[in-house]
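Structure data follow from final_17.cif (mmCIF, C-alpha atoms):
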data_model
loop_
_atom_site.label_atom_id
_atom_site.label_comp_id
_atom_site.auth_asym_id
_atom_site.auth_seq_id
_atom_site.Cartn_x
_atom_site.Cartn_y
_atom_site.Cartn_z
CA MET A 4 0.00 0.00 0.00
CA GLY A 5 2.89 2.32 0.78
CA LEU A 6 4.54 1.72 -2.61
CA ARG A 7 1.26 2.36 -4.40
CA GLN A 8 0.83 5.66 -2.59
CA MET A 9 4.40 6.66 -3.37
CA ALA A 10 3.85 5.88 -7.05
CA ARG A 11 0.64 7.89 -7.05
CA ASP A 12 2.40 10.86 -5.44
CA PHE A 13 5.19 10.60 -8.01
CA VAL A 14 2.70 10.66 -10.90
CA ASP A 15 0.93 13.63 -9.32
CA GLU A 16 4.21 15.49 -9.03
CA LEU A 17 5.00 14.83 -12.70
CA GLY A 18 1.59 16.14 -13.64
CA TYR A 19 2.05 19.26 -11.52
CA MET A 20 5.42 19.96 -13.16
CA ALA A 21 3.97 19.43 -16.63
CA ALA A 22 1.00 21.65 -15.89
CA SER A 23 3.23 24.39 -14.46
CA SER A 24 5.52 24.39 -17.49
CA ALA A 25 2.55 24.47 -19.85
CA LEU A 26 1.01 27.31 -17.89
CA HIS A 27 4.15 29.45 -18.14
CA SER A 28 4.78 28.63 -21.81
CA TRP A 29 1.50 28.90 -23.73
CA ASP A 30 -1.13 29.58 -21.09
CA ALA A 31 0.37 32.67 -19.42
CA HIS A 32 -1.63 35.15 -21.49
CA LEU A 33 -4.99 33.50 -20.86
CA LYS A 34 -7.57 34.89 -18.47
CA LEU A 35 -7.57 32.34 -15.69
CA ALA A 36 -10.43 32.10 -13.23
CA VAL A 37 -10.44 33.81 -9.85
CA LYS A 38 -7.99 32.15 -7.48
CA SER A 39 -10.05 32.73 -4.35
CA TYR A 40 -12.28 29.73 -3.69
CA ASP A 41 -14.63 31.91 -1.64
CA ARG A 42 -15.55 34.00 -4.70
CA ILE A 43 -15.95 31.47 -7.51
CA SER A 44 -19.35 30.75 -9.04
CA ARG A 45 -21.32 27.56 -8.52
CA ARG A 46 -20.51 26.66 -12.12
CA CYS A 47 -16.78 26.65 -11.37
CA LEU A 48 -16.93 24.84 -8.05
CA MET A 49 -19.24 22.07 -9.30
CA ALA A 50 -17.09 21.57 -12.40
CA MET A 51 -14.01 21.19 -10.20
CA LEU A 52 -15.78 18.57 -8.10
CA VAL A 53 -16.59 16.61 -11.27
CA HIS A 54 -12.89 16.78 -12.12
CA CYS A 55 -12.03 15.41 -8.67
CA THR A 56 -14.44 12.51 -9.21
CA TYR A 57 -12.74 11.62 -12.49
CA PHE A 58 -9.36 11.38 -10.77
CA ARG A 59 -10.82 9.55 -7.77
CA ASP A 60 -11.81 6.65 -10.05
CA LEU A 61 -8.61 6.43 -12.13
CA ASN A 62 -6.09 3.70 -11.43
CA LEU A 63 -2.36 4.38 -11.68
CA ILE A 64 -2.02 3.65 -15.42
CA GLU A 65 -5.15 5.61 -16.30
CA ARG A 66 -3.94 8.50 -14.19
CA PHE A 67 -0.63 8.61 -16.03
CA GLY A 68 -2.48 8.56 -19.39
CA ALA A 69 -4.67 11.46 -18.23
CA LEU A 70 -1.56 13.45 -17.38
CA LEU A 71 -0.12 12.83 -20.84
CA MET A 72 -3.40 14.09 -22.33
CA GLU A 73 -3.18 17.21 -20.13
CA TYR A 74 -6.40 16.42 -18.30
CA ASP A 75 -4.85 17.07 -14.89
CA ASN A 76 -5.62 20.21 -12.91
CA LYS A 77 -3.84 20.68 -9.62
CA ARG A 78 -6.03 23.63 -8.64
CA ALA A 79 -9.25 21.61 -8.92
CA GLU A 80 -7.83 18.70 -6.94
CA ASP A 81 -6.52 21.01 -4.21
CA TYR A 82 -9.93 22.64 -4.01
CA GLY A 83 -11.66 19.29 -3.55
CA ASP A 84 -9.21 18.06 -0.92
CA THR A 85 -9.24 21.32 1.04
CA HIS A 86 -12.92 22.27 1.15
CA TRP A 87 -14.85 19.02 0.67
CA GLU A 88 -15.02 15.58 2.23
CA PRO A 89 -16.94 12.40 1.33
CA TYR A 90 -20.42 12.37 2.79
CA LEU A 91 -20.79 9.32 5.00
CA CYS A 92 -24.10 7.62 5.69
CA ARG A 93 -25.43 4.09 5.61
CA ALA A 94 -26.02 4.13 1.84
CA THR A 95 -22.55 5.45 0.93
CA LEU A 96 -20.68 3.19 3.36
CA ALA A 97 -22.50 0.07 2.12
CA ASN A 98 -21.81 0.88 -1.55
CA GLU A 99 -18.35 2.47 -1.39
CA LEU A 100 -16.81 0.37 -4.20
CA TYR A 101 -19.98 0.34 -6.29
CA LEU A 102 -20.05 4.16 -6.27
CA LYS A 103 -16.80 4.15 -8.26
CA ASP A 104 -18.29 1.77 -10.82
CA LEU A 105 -21.29 4.07 -11.16
CA GLY A 106 -19.05 7.16 -11.36
CA LEU A 107 -21.10 8.65 -8.52
CA ALA A 108 -19.77 10.69 -5.60
CA PHE A 109 -21.28 12.53 -2.63
CA TYR A 110 -19.32 15.43 -1.13
CA ARG A 111 -20.04 17.31 2.08
CA ARG A 112 -18.85 20.92 2.32
CA ARG A 113 -16.34 21.52 5.08
CA PRO A 114 -17.19 24.28 7.62
CA SER A 115 -14.06 26.18 6.55
CA HIS A 116 -15.49 26.78 3.07
CA ARG A 117 -17.18 30.18 3.24
CA ASN A 118 -18.43 30.44 -0.32
CA ARG A 119 -22.16 31.10 -0.08
CA LYS A 120 -22.71 29.55 -3.49
CA ALA A 121 -21.33 26.20 -2.38
CA PRO A 122 -24.09 23.70 -1.51
CA GLY A 123 -24.10 21.68 1.67
CA LEU A 124 -24.14 18.43 -0.31
CA ALA A 125 -22.74 17.95 -3.82
CA ILE A 126 -23.87 14.97 -5.90
CA VAL A 127 -21.40 14.38 -8.72
CA LEU A 128 -21.53 12.12 -11.80
CA ARG A 129 -18.37 11.76 -13.85
CA GLY A 130 -18.26 10.97 -17.55
CA THR A 131 -16.70 8.20 -19.60
CA ILE A 132 -13.34 6.65 -18.75
CA PRO A 133 -12.32 5.02 -22.06
CA THR A 134 -10.85 1.93 -20.39
CA ARG A 135 -14.10 1.05 -18.59
CA SER A 136 -16.37 -1.31 -20.51
CA MET A 137 -19.38 -0.29 -18.41
CA ASP A 138 -18.94 3.34 -19.47
CA LEU A 139 -18.56 2.46 -23.15
CA LEU A 140 -21.67 0.27 -23.04
CA ASP A 141 -23.68 3.11 -21.52
CA ASP A 142 -22.37 5.45 -24.23
CA LEU A 143 -23.85 3.04 -26.76
CA ARG A 144 -27.11 3.02 -24.82
CA ILE A 145 -27.29 6.80 -25.20
CA GLY A 146 -27.10 6.41 -28.98
CA MET A 147 -29.79 3.72 -28.90
CA HIS A 148 -32.18 5.62 -26.55
CA ALA A 149 -31.90 2.75 -24.06
CA LEU A 150 -30.21 4.47 -21.12
CA ASN A 151 -33.29 5.44 -19.10
CA GLN A 152 -34.10 1.96 -17.77
CA SER A 153 -30.53 0.69 -17.51
CA ASP A 154 -29.29 -0.79 -14.25
CA ARG A 155 -26.84 2.09 -13.86
CA VAL A 156 -29.56 4.74 -13.96
CA LEU A 157 -31.93 2.79 -11.70
CA ASP A 158 -29.22 2.12 -9.11
CA THR A 159 -28.09 5.76 -9.27
CA VAL A 160 -31.65 6.97 -8.59
CA ARG A 161 -32.01 4.53 -5.70
CA LEU A 162 -28.76 5.61 -4.03
CA ILE A 163 -29.38 9.34 -4.53
CA VAL A 164 -32.85 9.09 -3.00
CA GLN A 165 -31.44 7.32 0.06
CA VAL A 166 -28.60 9.81 0.50
CA VAL A 167 -30.80 12.88 -0.06
CA LYS A 168 -33.34 11.72 2.52
CA SER A 169 -30.53 11.01 4.99
CA PHE A 170 -28.95 14.41 4.39
CA GLN A 171 -32.21 16.36 4.63
CA THR A 172 -33.00 14.63 7.92
CA ARG A 173 -29.63 15.54 9.41
CA TYR A 174 -29.28 18.98 7.79
CA PRO A 175 -32.77 20.26 6.91
CA ASN A 176 -31.59 23.80 6.10
CA GLU A 177 -28.68 22.88 3.81
CA SER A 178 -28.87 23.08 0.01
CA ILE A 179 -28.10 20.26 -2.45
CA CYS A 180 -26.65 20.48 -5.95
CA MET A 181 -26.06 17.78 -8.57
CA ALA A 182 -23.55 18.02 -11.43
CA GLY A 183 -22.33 15.77 -14.23
CA HIS A 184 -20.15 15.85 -17.32
CA SER A 185 -20.62 14.04 -20.65
CA LEU A 186 -22.02 10.58 -19.85
CA GLY A 187 -22.58 11.77 -16.28
CA ALA A 188 -24.57 14.75 -17.62
CA ALA A 189 -26.81 12.45 -19.66
CA ILE A 190 -27.42 10.30 -16.59
CA GLY A 191 -27.91 13.41 -14.44
CA LEU A 192 -30.62 14.74 -16.77
CA ILE A 193 -32.55 11.47 -16.49
CA VAL A 194 -31.97 11.11 -12.76
CA GLY A 195 -32.86 14.73 -11.96
CA GLY A 196 -36.09 14.49 -13.92
CA THR A 197 -37.00 11.20 -12.22
CA LEU A 198 -36.33 12.64 -8.77
CA TYR A 199 -38.59 15.61 -9.55
CA SER A 200 -41.49 13.81 -11.27
CA THR A 201 -41.56 10.63 -9.14
CA TYR A 202 -40.20 11.58 -5.71
CA GLY A 203 -40.93 15.32 -5.62
CA ILE A 204 -37.23 16.11 -5.00
CA ASN A 205 -36.13 19.32 -6.75
CA ILE A 206 -32.32 19.53 -6.88
CA ASP A 207 -30.30 22.31 -8.46
CA THR A 208 -28.75 20.51 -11.44
CA ARG A 209 -25.64 21.59 -13.42
CA LEU A 210 -24.89 19.50 -16.52
CA PHE A 211 -21.71 20.06 -18.52
CA ASN A 212 -21.59 18.97 -22.20
CA PRO A 213 -24.49 16.48 -22.11
CA PRO A 214 -24.47 14.31 -25.25
CA LEU A 215 -27.42 14.28 -27.65
CA VAL A 216 -26.22 11.95 -30.41
CA THR A 217 -27.78 8.79 -31.81
CA VAL A 218 -26.73 5.90 -34.00
CA VAL A 219 -28.91 7.35 -36.77
CA ASN A 220 -26.90 10.60 -36.61
CA VAL A 221 -23.62 8.71 -36.91
CA LEU A 222 -24.75 6.45 -39.77
CA SER A 223 -26.15 9.44 -41.65
CA GLY A 224 -22.82 11.26 -41.35
CA ARG A 225 -24.15 14.07 -39.15
CA VAL A 226 -21.13 14.31 -36.90
CA ARG A 227 -20.05 17.81 -37.89
CA PRO A 228 -21.08 20.48 -35.37
CA THR A 229 -23.50 22.88 -37.05
CA ALA A 230 -24.85 24.80 -34.08
CA PRO A 231 -24.70 28.62 -34.28
CA ALA A 232 -21.80 30.32 -32.53
CA ASP A 233 -24.15 33.16 -31.57
CA PHE A 234 -27.32 31.69 -30.10
CA TYR A 235 -29.16 35.00 -30.36
CA GLY A 236 -28.28 35.64 -34.01
CA ASP A 237 -31.06 35.68 -36.60
CA ASN A 238 -28.97 34.71 -39.62
CA HIS A 239 -28.65 31.00 -38.87
CA VAL A 240 -31.09 28.20 -39.62
CA PRO A 241 -30.13 25.03 -37.70
CA GLU A 242 -29.42 21.98 -39.78
CA LEU A 243 -31.93 19.65 -38.17
CA GLU A 244 -32.77 16.10 -39.14
CA VAL A 245 -35.72 15.75 -41.50
CA ASP A 246 -38.84 16.15 -39.42
CA PHE A 247 -41.41 13.47 -40.10
CA GLY A 248 -43.43 14.31 -37.01
CA GLU A 249 -46.83 13.11 -38.23
CA LEU A 250 -45.26 10.07 -39.92
CA LYS A 251 -43.58 9.12 -36.64
CA ARG A 252 -46.89 9.35 -34.82
CA VAL A 253 -48.66 7.18 -37.40
CA PHE A 254 -45.81 4.67 -37.30
CA VAL A 255 -46.00 4.44 -33.51
CA GLN A 256 -49.77 4.04 -33.62
CA SER A 257 -49.53 1.26 -36.22
CA TYR A 258 -46.44 -0.68 -35.18
CA GLY A 259 -45.27 0.75 -31.88
CA ASN A 260 -46.64 1.33 -28.41
CA GLN A 261 -49.08 4.21 -28.27
CA ALA A 262 -49.48 3.83 -24.51
CA ALA A 263 -45.73 4.20 -24.03
CA MET A 264 -45.75 7.43 -26.04
CA ASN A 265 -48.61 8.81 -23.95
CA ASP A 266 -46.78 7.91 -20.74
CA GLU A 267 -43.59 9.61 -21.92
CA TRP A 268 -45.50 12.75 -22.84
CA ALA A 269 -47.17 12.78 -19.42
CA GLN A 270 -43.73 12.52 -17.76
CA PHE A 271 -42.43 15.27 -20.06
CA GLU A 272 -45.25 17.60 -18.97
CA LYS A 273 -44.51 16.91 -15.30
CA LEU A 274 -41.04 18.44 -15.78
CA ARG A 275 -42.46 21.83 -16.80
CA ASP A 276 -41.27 23.54 -13.60
CA TRP A 277 -37.95 21.68 -13.23
CA VAL A 278 -35.18 23.85 -14.70
CA PRO A 279 -31.71 22.29 -15.01
CA HIS A 280 -28.68 24.28 -16.18
CA LEU A 281 -27.14 22.99 -19.42
CA TYR A 282 -23.56 24.08 -20.19
CA LEU A 283 -22.99 23.70 -23.93
CA ASN A 284 -20.41 24.45 -26.63
CA PRO A 285 -21.38 24.77 -30.33
CA GLY A 286 -18.06 23.18 -31.34
CA ASP A 287 -18.69 20.05 -29.29
CA PRO A 288 -19.76 17.17 -31.61
CA PHE A 289 -21.65 15.50 -28.76
CA CYS A 290 -23.77 18.30 -27.29
CA PHE A 291 -24.25 20.80 -30.14
CA ARG A 292 -27.65 19.28 -30.98
CA TYR A 293 -29.06 20.66 -27.75
CA ILE A 294 -28.24 24.15 -29.05
CA GLU A 295 -29.87 23.34 -32.38
CA PHE A 296 -32.95 21.86 -30.72
CA TYR A 297 -33.66 24.85 -28.48
CA LYS A 298 -32.61 27.31 -31.19
CA ALA A 299 -35.22 25.81 -33.54
CA GLN A 300 -37.93 26.44 -30.94
CA GLN A 301 -37.33 30.20 -30.85
CA GLY A 302 -40.46 32.02 -31.90
CA GLN A 303 -42.37 28.76 -32.42
CA PRO A 304 -45.63 27.68 -30.75
CA PHE A 305 -45.41 25.49 -27.72
CA ILE A 306 -43.96 22.07 -28.47
CA THR A 307 -46.03 18.95 -29.18
CA PRO A 308 -45.16 15.24 -28.82
CA GLU A 309 -44.05 15.15 -32.46
CA GLY A 310 -41.48 17.85 -31.70
CA VAL A 311 -39.62 15.75 -29.13
CA MET A 312 -40.08 12.37 -30.78
CA SER A 313 -36.86 10.93 -32.17
CA SER A 314 -36.35 8.81 -35.27
CA GLN A 315 -33.83 6.77 -33.30
CA GLY A 316 -36.37 6.21 -30.55
CA VAL A 317 -39.00 4.99 -33.01
CA LEU A 318 -36.54 2.53 -34.58
CA SER A 319 -35.10 1.33 -31.27
CA GLY A 320 -38.61 0.80 -29.90
CA LEU A 321 -39.14 -1.95 -32.47
CA PHE A 322 -36.28 -3.99 -31.02
CA HIS A 323 -35.94 -2.86 -27.40
CA GLN A 324 -38.93 -2.63 -25.10
CA ASN A 325 -37.20 -0.16 -22.75
CA ALA A 326 -36.17 2.26 -25.50
CA THR A 327 -37.54 5.79 -25.15
CA LEU A 328 -39.37 7.43 -28.04
CA PHE A 329 -38.48 10.98 -27.04
CA LYS A 330 -35.16 12.77 -27.19
CA ASN A 331 -33.32 13.25 -23.92
CA VAL A 332 -34.50 16.84 -23.61
CA VAL A 333 -36.56 18.72 -21.03
CA PRO A 334 -39.32 21.33 -21.48
CA SER A 335 -37.51 23.93 -19.36
CA ALA A 336 -33.79 24.62 -19.21
CA ASP A 337 -31.33 27.46 -18.71
CA LEU A 338 -28.67 27.31 -21.45
CA HIS A 339 -25.12 28.51 -20.78
CA ILE A 340 -23.22 28.53 -24.08
CA SER A 341 -19.44 28.80 -24.34
CA ASN A 342 -17.62 29.51 -27.59
CA TRP A 343 -14.22 28.34 -26.34
CA GLN A 344 -12.32 26.46 -29.08
CA SER A 345 -15.45 26.40 -31.27
CA HIS A 346 -14.27 28.66 -34.13
CA GLY A 347 -12.25 26.15 -36.16
CA ASN A 348 -13.29 25.34 -39.73
CA TRP A 349 -14.08 21.79 -40.83
CA PRO A 350 -10.95 20.41 -42.56
CA SER A 351 -10.87 19.25 -46.17
CA TYR A 352 -7.56 17.64 -47.04
CA SER A 353 -4.54 18.13 -44.84
CA ASN A 354 -3.73 15.82 -41.95
CA SER A 355 -2.56 18.83 -39.95
CA GLU A 356 -6.01 20.42 -40.36
CA TRP A 357 -7.63 17.23 -39.13
CA ASN A 358 -5.36 17.19 -36.10
CA VAL A 359 -6.19 20.80 -35.29
CA THR A 360 -9.92 20.16 -35.66
CA LEU A 361 -9.88 17.01 -33.52
CA GLN A 362 -7.92 18.87 -30.87
CA SER A 363 -10.42 21.75 -31.00
CA GLN A 364 -13.39 19.39 -30.65
CA ARG A 365 -11.72 17.57 -27.76
CA LEU A 366 -11.23 20.86 -25.94
CA SER A 367 -14.79 21.97 -26.75
CA HIS A 368 -16.00 18.87 -24.93
CA SER A 369 -13.53 19.21 -22.07
CA LEU A 370 -14.47 20.07 -18.53
CA ARG A 371 -11.69 22.63 -18.02
CA GLN A 372 -13.50 25.40 -19.90
CA TRP A 373 -16.15 25.55 -17.16
CA HIS A 374 -13.83 26.01 -14.19
CA LYS A 375 -10.35 27.04 -15.34
CA TYR A 376 -11.06 30.28 -17.21
CA LYS A 377 -13.09 33.42 -16.73
CA ARG A 378 -16.41 33.78 -18.48
CA GLU A 379 -15.01 36.50 -20.78
CA TYR A 380 -12.31 34.23 -22.14
CA ILE A 381 -14.64 31.33 -22.95
CA GLU A 382 -17.09 33.87 -24.45
CA LEU A 383 -19.93 32.74 -22.23
CA GLN A 384 -23.17 34.09 -23.70
CA PRO A 385 -26.09 35.47 -21.67
CA VAL A 386 -28.26 32.79 -20.12
CA TYR A 387 -31.08 31.68 -22.41
CA CYS A 388 -34.23 30.46 -20.62
CA ALA A 389 -35.92 27.86 -22.80
CA ARG A 390 -39.57 27.20 -21.92
CA LEU A 391 -41.28 24.82 -24.34
CA LEU A 392 -44.57 24.29 -22.51
CA PRO A 393 -47.13 26.88 -21.40
CA SER A 394 -47.06 27.72 -17.73
CA PRO A 395 -50.16 26.76 -15.75
CA SER A 396 -52.64 29.55 -15.20
CA PRO A 397 -51.91 31.32 -11.91
CA ARG A 398 -54.22 30.28 -9.11
CA ARG A 399 -55.89 32.97 -7.05
CA HIS A 400 -55.53 32.86 -3.31
CA ARG A 401 -58.52 31.60 -1.39
CA GLN A 402 -59.30 35.00 0.09
CA ASP A 403 -59.26 36.63 -3.37
CA ARG A 404 -61.69 34.21 -5.00
CA HIS A 405 -64.74 35.80 -3.41
CA GLN A 406 -63.72 39.42 -3.94
CA THR A 407 -65.56 41.24 -6.67
CA PRO A 408 -63.43 43.94 -8.31
CA HIS A 409 -64.72 47.51 -8.57
CA ARG A 410 -67.24 46.97 -5.78
CA SER A 411 -67.83 49.86 -3.41
CA LEU A 412 -67.56 49.27 0.30
CA PRO A 413 -70.76 49.89 2.26
CA SER A 414 -70.82 53.01 4.35
CA PRO A 415 -69.79 52.29 7.92
CA SER A 416 -72.40 52.25 10.64
CA PRO A 417 -72.15 54.83 13.41
CA ARG A 418 -70.66 52.29 15.76
CA ARG A 419 -67.54 50.89 14.16
CA HIS A 420 -65.32 48.26 15.60
CA ARG A 421 -61.87 49.28 16.74
CA GLN A 422 -60.20 47.74 13.72
CA ASP A 423 -62.55 49.63 11.35
CA ARG A 424 -61.90 53.12 12.71
CA HIS A 425 -58.94 53.77 10.43
CA GLN A 426 -60.63 52.57 7.25
CA THR A 427 -61.64 55.21 4.75
CA PRO A 428 -65.34 54.84 3.89
CA HIS A 429 -66.70 54.78 0.34
CA MET A 430 -63.39 53.68 -1.16
CA SER A 431 -63.52 51.30 -4.09
CA LEU A 432 -61.19 48.35 -4.26
CA PRO A 433 -58.79 48.47 -7.22
CA SER A 434 -58.78 45.45 -9.45
CA ARG A 435 -55.68 43.37 -8.98
CA SER A 436 -54.46 40.60 -11.17
CA PRO A 437 -53.55 37.48 -9.21
CA ARG A 438 -49.90 37.40 -8.23
CA ARG A 439 -47.76 34.78 -9.87
CA HIS A 440 -45.46 32.67 -7.79
CA ARG A 441 -41.76 33.46 -7.99
CA GLN A 442 -40.95 30.38 -10.05
CA ASP A 443 -43.74 31.25 -12.51
CA ARG A 444 -42.53 34.78 -13.24
CA HIS A 445 -39.91 33.45 -15.63
CA GLN A 446 -42.20 30.96 -17.34
CA THR A 447 -42.51 33.13 -20.46
CA PRO A 448 -41.61 30.84 -23.36
CA HIS A 449 -38.39 31.38 -25.30
CA ARG A 450 -37.24 34.31 -23.19
CA SER A 451 -33.61 35.24 -22.66
CA ARG A 452 -32.40 36.89 -19.50
CA PRO A 453 -28.84 38.20 -19.58
CA ARG A 454 -27.37 37.95 -16.13
CA GLY A 455 -24.11 37.34 -14.36
CA ASP A 456 -22.45 34.04 -13.68
CA TYR A 457 -23.65 32.15 -10.65
#
I need this file expressed as structure tokens, please.
Amino acid sequence: MGLRQMARDFVDELGYMAASSALHSWDAHLKLAVKSYDRISRRCLMAMLVHCTYFRDLNLIERFGALLMEYDNKRAEDYGDTHWEPYLCRATLANELYLKDLGLAFYRRRPSHRNRKAPGLAIVLRGTIPTRSMDLLDDLRIGMHALNQSDRVLDTVRLIVQVVKSFQTRYPNESICMAGHSLGAAIGLIVGGTLYSTYGINIDTRLFNPPLVTVVNVLSGRVRPTAPADFYGDNHVPELEVDFGELKRVFVQSYGNQAAMNDEWAQFEKLRDWVPHLYLNPGDPFCFRYIEFYKAQQGQPFITPEGVMSSQGVLSGLFHQNATLFKNVVPSADLHISNWQSHGNWPSYSNSEWNVTLQSQRLSHSLRQWHKYKREYIELQPVYCARLLPSPSPRRHRQDRHQTPHRSLPSPSPRRHRQDRHQTPHMSLPSRSPRRHRQDRHQTPHRSRPRGDY
């Protein structure tokens, strides 16, 4: 055990030296993020915790390979070791080794961490480690629309429910946040929606570079990112797959499972008020379709089942009973779009151009853009609030239901009660529209709200 720890420390030291030399050579002119951990945004701190979870699950050989690929980040690992500790409860202690297989981690904020944006409990889902067969198989399930009912997702939901209930019992006033990257973001989107619609648990969810790619996209050659660099620009028409919405519905009614489609739509509608944060990059070949999907909904009527039905889901449903017909999207989301490393042109001939493009796409999908640099350097655009379903009509309070607007008050009798003495007689009540709840005030569809990082 001592030799293994010494070897790990040696590899870490090599990585720190390599990172330091790279920082002073080509990275010195870049706008690095704020050094003070007490001032960083929730985006940065949750991204660093995802990075720590990656390196928690790497063995010695995988760790050395990550260092060669420049995936190490000493600052993120120091932040995790200094200000966070594993959250211990019956569920985490009984499944300590299985948590690494799931790529799932629970972190408890240390009392010394004074950042108000840091949650009391952080639930973290890492992405794919290329040497893990379980991760690669789940990547394939994403492309086949078969991830929702996989054992990994079901076990992740079960463990998170147990840990959240334990934490809320012990710390009822503490906040909880969930984050994931790549494969972990895809799982986090499913898990967060399930927690909200089934268990009534609403967790602040931060998802970095969630993939939205199918086998049909790959076989049809649609692997080139075509999302707009400027989400708010009007001069771009997204290159979407051919929309056979009505044909899909007829096909499902004739050969598929109509009841399954109705159930999925009912679950989709339940997520109207759950708003995860999606962190996307138009140059990322895995997540750019989220930008295209929500961009195509700008200025359109509210979405229908045909709008979220996927060709891949219809085909997979013929062969797999647990395949989902709908895309892995949600009716409400806040989009945070970064243009870091997304400006390269698609190469035509030269091998050097291919190398540059592959490197650019790798960096566009990397986690470092969300925690290493300032928002100005990654060209983070104003937050776009996508709302694809109409908000429910605001309910009037019970005491307002029986009030008739524009009705004059009766003149007071000579003997007025003490509480009536200061009321002005013969004063008409102004008509007041029912007040909307705070979470409903932003339910206007397709509305952008520029605001600072948080």
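Within the file as shown, the PyMOL selection byres ((chain A and resi 108-117) around 6) identifies Asp41, His86, Trp87, Glu88, Pro89, Tyr90, Leu107, Asn118, Gly123, Leu124, Ala125, Ile126 and Val127 of chain A.
Contact shell of Leu366 (chain A) at 8 Å (all atoms listed in the file; same-chain neighbours under 4 positions omitted): Gln344, Gln362 and Gln372 of chain A.
Compared by their closest atoms to Leu186 (chain A), and using all atoms listed in the file, the residues A:Asn212, A:Thr134, A:Ser169, A:Gln270 rank with A:Asn212 nearest.
Using the PyMOL selection byres ((chain A and resi 229) around 8) on the file at hand returns these residues: A:Arg227, A:Pro228, A:Ala230, A:Pro231, A:Pro241, A:Glu242, A:Pro285, A:Gly286, A:Phe291, A:Glu295.
Of the listed residues A:Leu150, A:Val167, A:Ile340, A:Leu328, the one whose atoms come nearest to Cys388 (chain A) is A:Ile340, with distances taken using only C-alpha atoms.
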Which protein, DNA or RNA residues are at most 7 Å from (-12.0, 21.7, -10.7) in the file's coordinates when you count only C-alpha atoms, listed as a ChimeraX atom specification?
/A:47-48,50-55,76,78-80,374
Give as a PyMOL selection string the residues that the PyMOL selection byres ((chain A and resi 333) around 8) matches when applied to the coordinates above.
chain A and resi 271+274-275+331-332+334-336
Go ahead and write the residues just picked, C-alpha atoms, as a compact mmCIF listing (two decimals), in the coordinates of the input.
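File produced: selection.txt:
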# COMPACT_ATOMS: atom_id res chain seq x y z
CA PHE A 271 -42.43 15.27 -20.06
CA LEU A 274 -41.04 18.44 -15.78
CA ARG A 275 -42.46 21.83 -16.80
CA ASN A 331 -33.32 13.25 -23.92
CA VAL A 332 -34.50 16.84 -23.61
CA PRO A 334 -39.32 21.33 -21.48
CA SER A 335 -37.51 23.93 -19.36
CA ALA A 336 -33.79 24.62 -19.21
Return the single residue from A:Gln171, A:Thr217, A:Ser319, A:Asn176 that is closest to Ile204 (chain A), with distances computed using all atoms listed in the file.
A:Gln171
Can you pull out every residue within 8 Å of Leu192 (chain A), counting all atoms listed in the file, but drop anything in the same chain fewer than 2 positions away, and send it as a list of chain:residue names?
A:Ala188, A:Ala189, A:Ile190, A:Val194, A:Gly195, A:Gly196, A:Leu210, A:Pro279, A:Asn331
Write the residues of the selection above to a file with C-alpha atoms, as a CSV table (one decimal), in the coordinates of the input.
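Below you can see again01.csv, which holds the result:
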chain,number,residue,atom,x,y,z
A,188,ALA,CA,-24.6,14.8,-17.6
A,189,ALA,CA,-26.8,12.4,-19.7
A,190,ILE,CA,-27.4,10.3,-16.6
A,194,VAL,CA,-32.0,11.1,-12.8
A,195,GLY,CA,-32.9,14.7,-12.0
A,196,GLY,CA,-36.1,14.5,-13.9
A,210,LEU,CA,-24.9,19.5,-16.5
A,279,PRO,CA,-31.7,22.3,-15.0
A,331,ASN,CA,-33.3,13.2,-23.9
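Restricting the calculation to only C-alpha atoms, the smallest distance between Tyr376 (chain A) and any of A:Leu63, A:Ser44, A:Thr95, A:Leu35 is found for A:Leu35.
Counting from CA of Leu198 (chain A), the distance to CA of Ile163 (chain A) is 8.8 Å.
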Looking at A:Arg155, A:Arg59, A:Pro288, A:Gly320, which one is nearest to Asn220 (chain A), with distances taken over only C-alpha atoms?
A:Pro288
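The closest residue to Arg292 (chain A), picked from A:Leu215, A:Leu318, A:Met181, A:Val160 and counting all atoms listed in the file, is A:Leu215.
The space between CA of Glu382 (chain A) and CA of Trp343 (chain A) spans 6.5 Å.
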I'd like the interatomic distance between CA of Arg365 (chain A) and CA of His339 (chain A), to a tenth of an Å.
18.7 Å
Counting all atoms listed in the file, note down every residue that has an atom within 12 Å of the point (-39.4, 0.7, -24.9) (file coordinates), as a PyMOL selection string.
chain A and resi 147-153+255+259-264+266-267+315-329
